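Quick look at structure19.txt (compact mmCIF, C-alpha atoms):
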```
# COMPACT_ATOMS: atom_id res chain seq x y z
CA MET A 1 57.91 -17.21 57.40
CA ALA A 2 60.98 -17.71 59.60
CA GLU A 3 63.94 -19.45 58.00
CA LYS A 4 64.31 -23.05 59.15
CA GLN A 5 67.44 -23.46 61.26
CA CYS A 6 69.81 -26.40 61.37
CA SER A 7 69.50 -28.56 64.49
CA ASN A 8 73.19 -27.98 65.12
CA SER A 9 73.23 -24.68 67.04
CA SER A 10 76.82 -23.93 65.97
CA CYS A 11 75.89 -23.93 62.29
CA THR A 12 75.47 -20.75 60.30
CA LYS A 13 74.07 -20.25 56.84
CA GLU A 14 77.60 -19.74 55.55
CA SER A 15 78.94 -22.94 57.14
CA CYS A 16 76.18 -25.34 56.11
CA GLU A 17 78.18 -26.86 53.24
CA GLY A 18 80.67 -28.23 55.73
CA CYS A 19 78.12 -29.39 58.26
CA PRO A 20 78.54 -33.09 59.20
CA SER A 21 74.76 -33.51 59.28
CA LYS A 22 74.63 -32.44 55.61
CA ASN A 23 77.53 -34.45 54.27
CA ASN A 24 76.98 -37.55 56.42
CA PRO A 25 73.23 -38.12 56.52
CA ALA A 26 71.93 -40.79 58.84
CA SER A 27 71.48 -44.18 57.20
CA PHE A 28 68.12 -45.95 57.53
CA GLN A 29 69.46 -49.28 56.25
CA VAL A 30 68.69 -52.28 58.41
CA GLU A 31 71.03 -55.20 58.97
CA PRO A 32 70.30 -58.41 57.07
CA ASN A 33 69.84 -61.74 58.78
CA PRO A 34 73.24 -62.91 60.13
CA TYR A 35 73.14 -65.86 57.74
CA THR A 36 72.53 -63.67 54.69
CA GLU A 37 75.19 -62.45 52.29
CA VAL A 38 73.85 -60.80 49.13
CA LYS A 39 76.19 -59.20 46.61
CA HIS A 40 73.67 -57.25 44.52
CA VAL A 41 70.14 -56.07 45.42
CA ILE A 42 68.14 -54.99 42.35
CA GLY A 43 64.70 -53.39 42.57
CA VAL A 44 62.09 -53.79 39.83
CA VAL A 45 59.63 -50.90 39.87
CA SER A 46 56.84 -49.27 37.90
CA GLY A 47 54.90 -46.05 38.14
CA LYS A 48 51.56 -47.86 37.80
CA GLY A 49 50.12 -51.35 38.00
CA GLY A 50 49.37 -53.79 35.24
CA VAL A 51 52.57 -53.38 33.23
CA GLY A 52 54.02 -56.84 33.92
CA LYS A 53 56.50 -55.94 36.64
CA SER A 54 56.44 -59.41 38.22
CA LEU A 55 56.92 -60.99 34.79
CA VAL A 56 60.03 -58.89 34.26
CA THR A 57 61.31 -59.63 37.78
CA ALA A 58 60.94 -63.37 37.28
CA SER A 59 62.43 -63.20 33.78
CA LEU A 60 65.52 -61.35 35.04
CA ALA A 61 65.89 -63.84 37.89
CA ASN A 62 65.61 -66.81 35.51
CA MET A 63 68.16 -65.28 33.14
CA MET A 64 70.76 -64.79 35.86
CA ALA A 65 70.09 -68.24 37.38
CA ALA A 66 70.51 -69.86 33.95
CA LYS A 67 73.94 -68.21 33.68
CA GLY A 68 75.06 -69.83 36.89
CA TYR A 69 74.43 -67.06 39.42
CA ARG A 70 72.83 -67.68 42.82
CA VAL A 71 69.53 -65.81 42.74
CA GLY A 72 66.65 -64.91 45.01
CA ILE A 73 63.36 -63.02 44.65
CA LEU A 74 61.95 -60.92 47.48
CA ASP A 75 58.27 -60.40 46.68
CA ALA A 76 57.62 -56.98 48.23
CA ASP A 77 54.19 -56.65 46.61
CA ILE A 78 52.52 -57.61 49.88
CA THR A 79 48.90 -56.93 48.88
CA GLY A 80 49.23 -58.40 45.38
CA PRO A 81 51.83 -61.18 45.48
CA SER A 82 52.14 -63.23 42.31
CA ILE A 83 55.66 -64.66 42.32
CA PRO A 84 54.81 -67.91 44.20
CA LYS A 85 51.93 -68.63 41.81
CA MET A 86 54.21 -68.14 38.79
CA TYR A 87 56.71 -70.68 40.13
CA GLY A 88 54.11 -73.11 41.48
CA ILE A 89 55.41 -73.01 45.04
CA HIS A 90 53.37 -73.06 48.23
CA GLY A 91 53.95 -72.50 51.94
CA PRO A 92 54.25 -72.64 54.73
CA ALA A 93 57.86 -71.54 54.73
CA GLN A 94 59.92 -73.17 57.47
CA ALA A 95 61.46 -71.20 60.33
CA ASP A 96 63.61 -71.78 63.38
CA ASP A 97 65.47 -69.67 65.93
CA GLU A 98 67.87 -68.49 63.22
CA GLY A 99 65.18 -67.12 60.91
CA ILE A 100 62.80 -67.92 58.06
CA TYR A 101 63.91 -70.07 55.15
CA PRO A 102 62.89 -69.09 51.59
CA ILE A 103 61.39 -71.75 49.37
CA LEU A 104 63.31 -73.03 46.36
CA ALA A 105 61.78 -72.93 42.89
CA ASP A 106 62.50 -75.72 40.42
CA ASN A 107 65.43 -73.73 39.00
CA ASP A 108 66.89 -73.19 42.51
CA ILE A 109 65.80 -69.55 42.82
CA LYS A 110 65.10 -68.72 46.47
CA ILE A 111 61.72 -67.05 46.94
CA MET A 112 60.05 -65.30 49.86
CA SER A 113 56.54 -63.87 49.66
CA ILE A 114 53.72 -63.14 52.07
CA ASN A 115 51.78 -65.97 50.39
CA LEU A 116 54.36 -68.41 51.76
CA LEU A 117 53.63 -67.32 55.34
CA MET A 118 49.82 -67.04 55.31
CA PRO A 119 47.63 -69.98 56.44
CA ASP A 120 45.39 -69.31 53.43
CA GLU A 121 47.32 -68.02 50.41
CA GLU A 122 44.09 -66.76 48.85
CA ALA A 123 43.15 -64.61 51.85
CA PRO A 124 43.49 -60.86 51.24
CA VAL A 125 46.17 -58.93 53.11
CA ILE A 126 44.23 -56.06 54.71
CA TRP A 127 47.01 -54.19 56.45
CA ARG A 128 47.89 -50.53 56.83
CA GLY A 129 51.01 -49.08 55.23
CA PRO A 130 53.32 -49.19 58.28
CA VAL A 131 52.54 -52.87 58.90
CA ILE A 132 53.22 -53.71 55.24
CA SER A 133 56.48 -51.78 55.34
CA GLY A 134 57.49 -53.63 58.50
CA MET A 135 56.84 -56.95 56.77
CA VAL A 136 59.11 -55.99 53.90
CA LYS A 137 61.88 -55.15 56.38
CA GLN A 138 61.41 -58.57 57.98
CA PHE A 139 61.94 -60.20 54.59
CA TRP A 140 65.46 -58.73 54.83
CA THR A 141 66.19 -59.00 58.57
CA ASP A 142 64.53 -62.34 59.34
CA VAL A 143 64.84 -64.36 56.14
CA ILE A 144 67.92 -66.56 55.76
CA TRP A 145 68.86 -65.87 52.15
CA GLY A 146 72.28 -67.45 52.49
CA GLU A 147 74.85 -66.53 49.86
CA LEU A 148 73.31 -64.88 46.81
CA ASP A 149 74.79 -63.10 43.84
CA TYR A 150 71.51 -61.33 43.02
CA LEU A 151 68.38 -60.59 45.02
CA PHE A 152 65.60 -59.14 42.88
CA VAL A 153 62.95 -57.15 44.74
CA ASP A 154 59.54 -57.19 43.07
CA MET A 155 58.00 -53.97 44.35
CA PRO A 156 54.36 -52.84 44.27
CA PRO A 157 53.49 -50.15 41.73
CA GLY A 158 53.70 -46.48 42.54
CA THR A 159 55.88 -44.42 44.84
CA GLY A 160 54.33 -45.18 48.23
CA ASP A 161 55.39 -46.72 51.53
CA VAL A 162 56.90 -49.98 50.28
CA PRO A 163 59.20 -48.57 47.56
CA LEU A 164 60.31 -45.92 50.06
CA THR A 165 60.99 -48.60 52.68
CA VAL A 166 62.97 -50.74 50.23
CA PHE A 167 65.06 -47.80 49.00
CA GLN A 168 65.85 -46.67 52.56
CA SER A 169 66.20 -50.01 54.35
CA LEU A 170 67.88 -52.31 51.83
CA PRO A 171 71.23 -51.80 50.08
CA VAL A 172 69.62 -51.37 46.65
CA GLU A 173 72.33 -51.17 44.02
CA GLY A 174 70.04 -50.12 41.19
CA ILE A 175 66.54 -50.38 39.77
CA VAL A 176 64.91 -51.51 36.56
CA ILE A 177 61.82 -49.53 35.52
CA VAL A 178 59.02 -51.43 33.76
CA THR A 179 56.55 -49.66 31.52
CA SER A 180 54.20 -50.19 28.56
CA PRO A 181 53.56 -48.41 25.23
CA GLN A 182 50.40 -46.55 26.26
CA ASP A 183 50.21 -42.75 26.26
CA LEU A 184 50.84 -42.78 30.01
CA VAL A 185 54.35 -44.12 29.40
CA GLN A 186 56.10 -40.83 30.06
CA LEU A 187 54.23 -40.32 33.33
CA ILE A 188 54.89 -43.93 34.39
CA VAL A 189 58.61 -43.76 33.77
CA LYS A 190 59.09 -40.26 35.14
CA LYS A 191 57.39 -41.05 38.47
CA ALA A 192 59.75 -43.95 39.12
CA TYR A 193 62.69 -42.03 37.66
CA HIS A 194 62.26 -38.98 39.90
CA MET A 195 61.70 -41.06 43.03
CA ALA A 196 64.91 -43.01 42.43
CA LYS A 197 66.86 -39.86 41.63
CA SER A 198 65.61 -38.09 44.75
CA MET A 199 66.90 -41.00 46.84
CA ASN A 200 70.18 -41.41 44.95
CA ILE A 201 69.29 -44.88 43.64
CA PRO A 202 71.00 -45.68 40.30
CA ILE A 203 68.67 -46.50 37.40
CA LEU A 204 70.00 -49.44 35.40
CA GLY A 205 67.50 -49.00 32.58
CA VAL A 206 63.93 -49.41 31.42
CA VAL A 207 62.02 -52.40 30.05
CA GLU A 208 58.94 -51.97 27.88
CA ASN A 209 56.35 -54.74 28.13
CA TYR A 210 53.43 -55.37 25.73
CA SER A 211 55.46 -53.71 22.96
CA TYR A 212 53.74 -55.66 20.21
CA LEU A 213 52.02 -58.91 19.27
CA LYS A 214 53.63 -61.04 16.61
CA CYS A 215 51.12 -62.56 14.19
CA PRO A 216 51.55 -66.37 14.31
CA ASP A 217 50.72 -66.65 10.59
CA CYS A 218 52.65 -63.86 8.85
CA GLY A 219 55.05 -62.74 11.58
CA ARG A 220 53.93 -59.10 11.35
CA GLU A 221 54.34 -57.08 14.54
CA ILE A 222 51.03 -55.56 15.66
CA SER A 223 51.15 -52.60 18.09
CA VAL A 224 48.16 -53.58 20.22
CA PHE A 225 48.63 -50.74 22.71
CA GLY A 226 49.84 -48.13 20.27
CA GLN A 227 53.22 -47.23 18.88
CA SER A 228 56.11 -47.43 21.27
CA ARG A 229 57.52 -44.16 22.59
CA ILE A 230 60.14 -45.72 24.82
CA GLU A 231 63.05 -44.53 22.67
CA GLU A 232 61.85 -40.95 23.01
CA VAL A 233 61.45 -41.16 26.76
CA ALA A 234 64.72 -43.03 27.29
CA LYS A 235 66.60 -40.41 25.30
CA GLN A 236 64.97 -37.58 27.20
CA LEU A 237 65.89 -39.10 30.58
CA ASP A 238 69.21 -40.59 29.43
CA LEU A 239 68.15 -44.16 30.24
CA LYS A 240 69.23 -47.44 28.70
CA ILE A 241 66.56 -49.58 27.07
CA LEU A 242 67.09 -53.08 28.47
CA GLY A 243 64.44 -54.78 26.38
CA LYS A 244 61.15 -54.53 24.50
CA MET A 245 58.92 -57.48 25.33
CA PRO A 246 56.04 -58.52 23.09
CA ILE A 247 52.84 -60.15 24.26
CA ASP A 248 54.09 -63.74 24.38
CA PRO A 249 51.40 -66.39 25.01
CA LYS A 250 54.07 -68.97 25.92
CA LEU A 251 55.29 -66.90 28.86
CA ALA A 252 51.71 -66.35 30.01
CA GLU A 253 50.97 -70.08 29.80
CA LEU A 254 54.03 -71.00 31.86
CA SER A 255 53.13 -68.37 34.44
CA ASP A 256 49.52 -69.53 34.76
CA ALA A 257 50.63 -73.16 35.02
CA GLY A 258 53.11 -72.39 37.81
CA LYS A 259 56.01 -73.47 35.61
CA PHE A 260 57.79 -70.17 35.09
CA ALA A 261 61.05 -71.77 36.22
CA ASP A 262 61.13 -73.23 32.69
CA ALA A 263 60.79 -69.82 31.01
CA GLN A 264 63.66 -68.07 29.26
CA ASN A 265 62.78 -64.57 28.12
CA GLU A 266 64.91 -63.93 25.05
CA TYR A 267 63.78 -60.31 24.87
CA LEU A 268 65.78 -59.25 27.94
CA GLN A 269 69.26 -60.36 26.93
CA ASP A 270 70.51 -56.75 26.89
CA ALA A 271 69.64 -56.50 30.58
CA PHE A 272 72.38 -59.00 31.42
CA PHE A 273 75.13 -56.50 30.67
CA ALA A 274 73.45 -53.81 32.78
CA LEU A 275 73.17 -56.17 35.76
CA ARG A 276 76.76 -57.38 35.70
```

As structure tokens, please, write out the structure in this file.
Amino acid sequence: MAEKQCSNSSCTKESCEGCPSKNNPASFQVEPNPYTEVKHVIGVVSGKGGVGKSLVTASLANMMAAKGYRVGILDADITGPSIPKMYGIHGPAQADDEGIYPILADNDIKIMSINLLMPDEEAPVIWRGPVISGMVKQFWTDVIWGELDYLFVDMPPGTGDVPLTVFQSLPVEGIVIVTSPQDLVQLIVKKAYHMAKSMNIPILGVVENYSYLKCPDCGREISVFGQSRIEEVAKQLDLKILGKMPIDPKLAELSDAGKFADAQNEYLQDAFFALR
């Protein structure tokens, strides 16, 4: 097989290290809406679905909002949006010539989700990958986020089009990986870990959800999904553990009732120092 040549005809194998195309790769980042100024963009990711990624996203957003920061949530899970339901907000979002305005939750978190733009929020989003990716870009280019300290991006599970679009198009400062105690934990974390590393996205740490269930009578911690292995995986990959969340019926009740703005997740306090 012939060796692949650099597009710069003046390059040689020996001179590649100094090639401008190597050291100054083209940026795929898109410009935000002119009325948007976000200091920190944080992605919340997982290698598979069903690990409580949206719960962690909303909990981190609530924590930072409670500490006085200006916070927004970009719901990039286009085919499975859940953030609006958790906060009890409904569309349609308002728009004018300047852009689309996010909707405020009861705790003043700004939220944008596909559910806030659809005529019927229960209708399925049956779109192909490029269209979904384009919608996520529009949540950055067309939405008027205003001045925010933190914008949390709730991404769909896996390592497909949308996470790739977010990593390339938005100025993501770091990600939080969400996982669970099941045997697949190493695979879950490593998929997200290697994708972030390959794209030079810093990993702020990992959160384990469903770590245990605390018995309401005796207080004993029951490992419903097996013994946690997060310490082992975190040590192997040199990751910080930002929290171990139990199955908490109170958080589930607030989420189902659309009152998650009232939730304070005490199990993620260590994440505050990683986000600062």

### Task
Grab the CA of Ile144 in chain A to CA of Val38 in chain A distance for me, in Å with one decimal place.
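Value for the CA of Ile144 in chain A-CA of Val38 in chain A distance: 10.6 Å.
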
### Message
Please determine, counting all atoms listed in the file, which residue among A:Val143, A:Met64, A:Leu74, A:Ala192 has the shortest atom-to-atom distance to Gly99 in chain A.
### Response
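Between A:Val143, A:Met64, A:Leu74, A:Ala192, the residue approaching Gly99 in chain A most closely is A:Val143.
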
### Spatial neighbours of Asn33 in chain A, max dist 10 Å, all atoms listed in the file, sep filter under 5 positions, as a PyMOL selection string
chain A and resi 98-100+138-146

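CA of Ser54 in chain A lies 7.1 Å from CA of Ser82 in chain A.
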
#### Entry: Test item: residues at most 7 Å from Asp161 in chain A, all atoms listed in the file, excluding those fewer than 3 positions along its chain, as a list in words
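So the residues in contact are Gly129, Ser133, Leu164 and Thr165 of chain A.
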
### Task
For CA of Val30 in chain A and CA of Ala271 in chain A, quote the distance in Å rounded to one decimal.
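CA of Ala271 in chain A lies 28.2 Å from CA of Val30 in chain A.
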
### Message
From the options A:Met112, A:Gly158, A:Ser46, A:Pro124, which residue's atoms come nearest to Asn209 in chain A, counting all atoms listed in the file?
### Response
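The shortest atom-to-atom distance to Asn209 in chain A comes from A:Ser46.
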
### Query
Which one of A:Pro34, A:Pro130, A:Pro181, A:Gly52 sits closest to Ala252 in chain A if you count only C-alpha atoms?
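Nearest to Ala252 in chain A: A:Gly52.
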
### Message
Here is a test: counting all atoms listed in the file, which residue of A:Ile73, A:Ile89, A:Ala105, A:Val56 is nearest to Glu121 in chain A?
### Response
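Selected residue with least distance to Glu121 in chain A: A:Ile89.
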
### Message
Restricting the calculation to only C-alpha atoms: of A:Tyr87, A:Phe272, A:Phe152, A:Tyr101, which residue gets closest to Asp75 in chain A?
### Response
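The shortest atom-to-atom distance to Asp75 in chain A comes from A:Phe152.
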
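If you measure from each of A:Pro102, A:Gly88, A:Pro249, A:Pro163 to Met199 in chain A using only C-alpha atoms, the closest one turns out to be A:Pro163.
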
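Those residues positioned at most 6 Å from (56.4, -57.7, 47.5) are Asp75, Ala76, Asp77, Ile78, Asp154 and Met155 of chain A, judged using only C-alpha atoms.
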
Could you write out that same residue set with C-alpha atoms as an mmCIF file, in the frame of the given file?
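Everything below was put into result_3.cif:
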```cif
data_model
loop_
_atom_site.group_PDB
_atom_site.id
_atom_site.type_symbol
_atom_site.label_atom_id
_atom_site.label_comp_id
_atom_site.auth_asym_id
_atom_site.auth_seq_id
_atom_site.Cartn_x
_atom_site.Cartn_y
_atom_site.Cartn_z
ATOM 1 C CA ASP A 75 58.270 -60.400 46.680
ATOM 2 C CA ALA A 76 57.620 -56.980 48.230
ATOM 3 C CA ASP A 77 54.190 -56.650 46.610
ATOM 4 C CA ILE A 78 52.520 -57.610 49.880
ATOM 5 C CA ASP A 154 59.540 -57.190 43.070
ATOM 6 C CA MET A 155 58.000 -53.970 44.350
#
```

### Task
Show me as JSON, numbers by chain the residues that reach within 7 Å of (71.8, -55.1, 42.4), counting all atoms listed in the file and using the file's own coordinates.
{"A": [40, 41, 42, 150, 151, 172, 173, 174, 275]}

### Contacts of Ser169 in chain A at 8 Å (only C-alpha atoms; same-chain gap of 5+ positions) as an MDAnalysis selection string
chainID A and resid 28:30 137

### Query
Counting only C-alpha atoms, what is within 8 Å of Tyr210 in chain A, bar same-chain residues fewer than 4 positions away, as a ChimeraX atom specification?
/A:51,180-181,224-225,244-247

Can you pull out the residues contacting Ile222 in chain A? Cut-off 9 Å, using all atoms listed in the file, and skip same-chain residues under 6 positions away; I want them as a short mmCIF file (atom, residue, chain, number, x, y, z; two decimals) with C-alpha atoms, in the coordinates of the input.
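For reference, result-v3.cif as written:
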```
data_model
loop_
_atom_site.label_atom_id
_atom_site.label_comp_id
_atom_site.auth_asym_id
_atom_site.auth_seq_id
_atom_site.Cartn_x
_atom_site.Cartn_y
_atom_site.Cartn_z
CA SER A 211 55.46 -53.71 22.96
CA TYR A 212 53.74 -55.66 20.21
CA LEU A 213 52.02 -58.91 19.27
CA LYS A 214 53.63 -61.04 16.61
CA CYS A 215 51.12 -62.56 14.19
#
```

Reconstruct range 243-257 of chain A at the level of N, CA, C and O atoms, and format the result as an mmCIF file, keeping the file's coordinate frame.
```cif
data_model
loop_
_atom_site.group_PDB
_atom_site.id
_atom_site.type_symbol
_atom_site.label_atom_id
_atom_site.label_comp_id
_atom_site.auth_asym_id
_atom_site.auth_seq_id
_atom_site.Cartn_x
_atom_site.Cartn_y
_atom_site.Cartn_z
ATOM 1 N N GLY A 243 65.202 -53.795 27.127
ATOM 2 C CA GLY A 243 64.440 -54.780 26.380
ATOM 3 C C GLY A 243 63.054 -54.271 26.031
ATOM 4 O O GLY A 243 62.498 -53.423 26.728
ATOM 5 N N LYS A 244 62.524 -54.800 24.917
ATOM 6 C CA LYS A 244 61.150 -54.530 24.500
ATOM 7 C C LYS A 244 60.459 -55.880 24.341
ATOM 8 O O LYS A 244 60.761 -56.639 23.433
ATOM 9 N N MET A 245 59.542 -56.166 25.272
ATOM 10 C CA MET A 245 58.920 -57.480 25.330
ATOM 11 C C MET A 245 57.570 -57.473 24.624
ATOM 12 O O MET A 245 56.718 -56.648 24.927
ATOM 13 N N PRO A 246 57.361 -58.406 23.721
ATOM 14 C CA PRO A 246 56.040 -58.520 23.090
ATOM 15 C C PRO A 246 55.065 -59.257 23.994
ATOM 16 O O PRO A 246 55.443 -59.777 25.048
ATOM 17 N N ILE A 247 53.821 -59.301 23.579
ATOM 18 C CA ILE A 247 52.840 -60.150 24.260
ATOM 19 C C ILE A 247 53.137 -61.579 23.811
ATOM 20 O O ILE A 247 52.951 -61.928 22.643
ATOM 21 N N ASP A 248 53.649 -62.381 24.728
ATOM 22 C CA ASP A 248 54.090 -63.740 24.380
ATOM 23 C C ASP A 248 53.204 -64.755 25.105
ATOM 24 O O ASP A 248 53.328 -64.943 26.322
ATOM 25 N N PRO A 249 52.299 -65.426 24.377
ATOM 26 C CA PRO A 249 51.400 -66.390 25.010
ATOM 27 C C PRO A 249 52.138 -67.513 25.740
ATOM 28 O O PRO A 249 51.647 -68.030 26.747
ATOM 29 N N LYS A 250 53.330 -67.873 25.279
ATOM 30 C CA LYS A 250 54.070 -68.970 25.920
ATOM 31 C C LYS A 250 54.470 -68.590 27.343
ATOM 32 O O LYS A 250 54.377 -69.410 28.253
ATOM 33 N N LEU A 251 54.919 -67.350 27.527
ATOM 34 C CA LEU A 251 55.290 -66.900 28.860
ATOM 35 C C LEU A 251 54.070 -66.851 29.774
ATOM 36 O O LEU A 251 54.147 -67.207 30.952
ATOM 37 N N ALA A 252 52.946 -66.413 29.220
ATOM 38 C CA ALA A 252 51.710 -66.350 30.010
ATOM 39 C C ALA A 252 51.252 -67.753 30.418
ATOM 40 O O ALA A 252 50.814 -67.970 31.554
ATOM 41 N N GLU A 253 51.372 -68.708 29.503
ATOM 42 C CA GLU A 253 50.970 -70.080 29.800
ATOM 43 C C GLU A 253 51.830 -70.695 30.908
ATOM 44 O O GLU A 253 51.324 -71.356 31.820
ATOM 45 N N LEU A 254 53.139 -70.471 30.839
ATOM 46 C CA LEU A 254 54.030 -71.000 31.860
ATOM 47 C C LEU A 254 53.743 -70.369 33.218
ATOM 48 O O LEU A 254 53.777 -71.034 34.246
ATOM 49 N N SER A 255 53.448 -69.078 33.204
ATOM 50 C CA SER A 255 53.130 -68.370 34.440
ATOM 51 C C SER A 255 51.846 -68.908 35.054
ATOM 52 O O SER A 255 51.792 -69.190 36.260
ATOM 53 N N ASP A 256 50.814 -69.048 34.263
ATOM 54 C CA ASP A 256 49.520 -69.530 34.760
ATOM 55 C C ASP A 256 49.605 -70.971 35.263
ATOM 56 O O ASP A 256 48.885 -71.358 36.185
ATOM 57 N N ALA A 257 50.490 -71.749 34.651
ATOM 58 C CA ALA A 257 50.630 -73.160 35.020
ATOM 59 C C ALA A 257 51.571 -73.361 36.206
ATOM 60 O O ALA A 257 51.763 -74.496 36.662
#
```
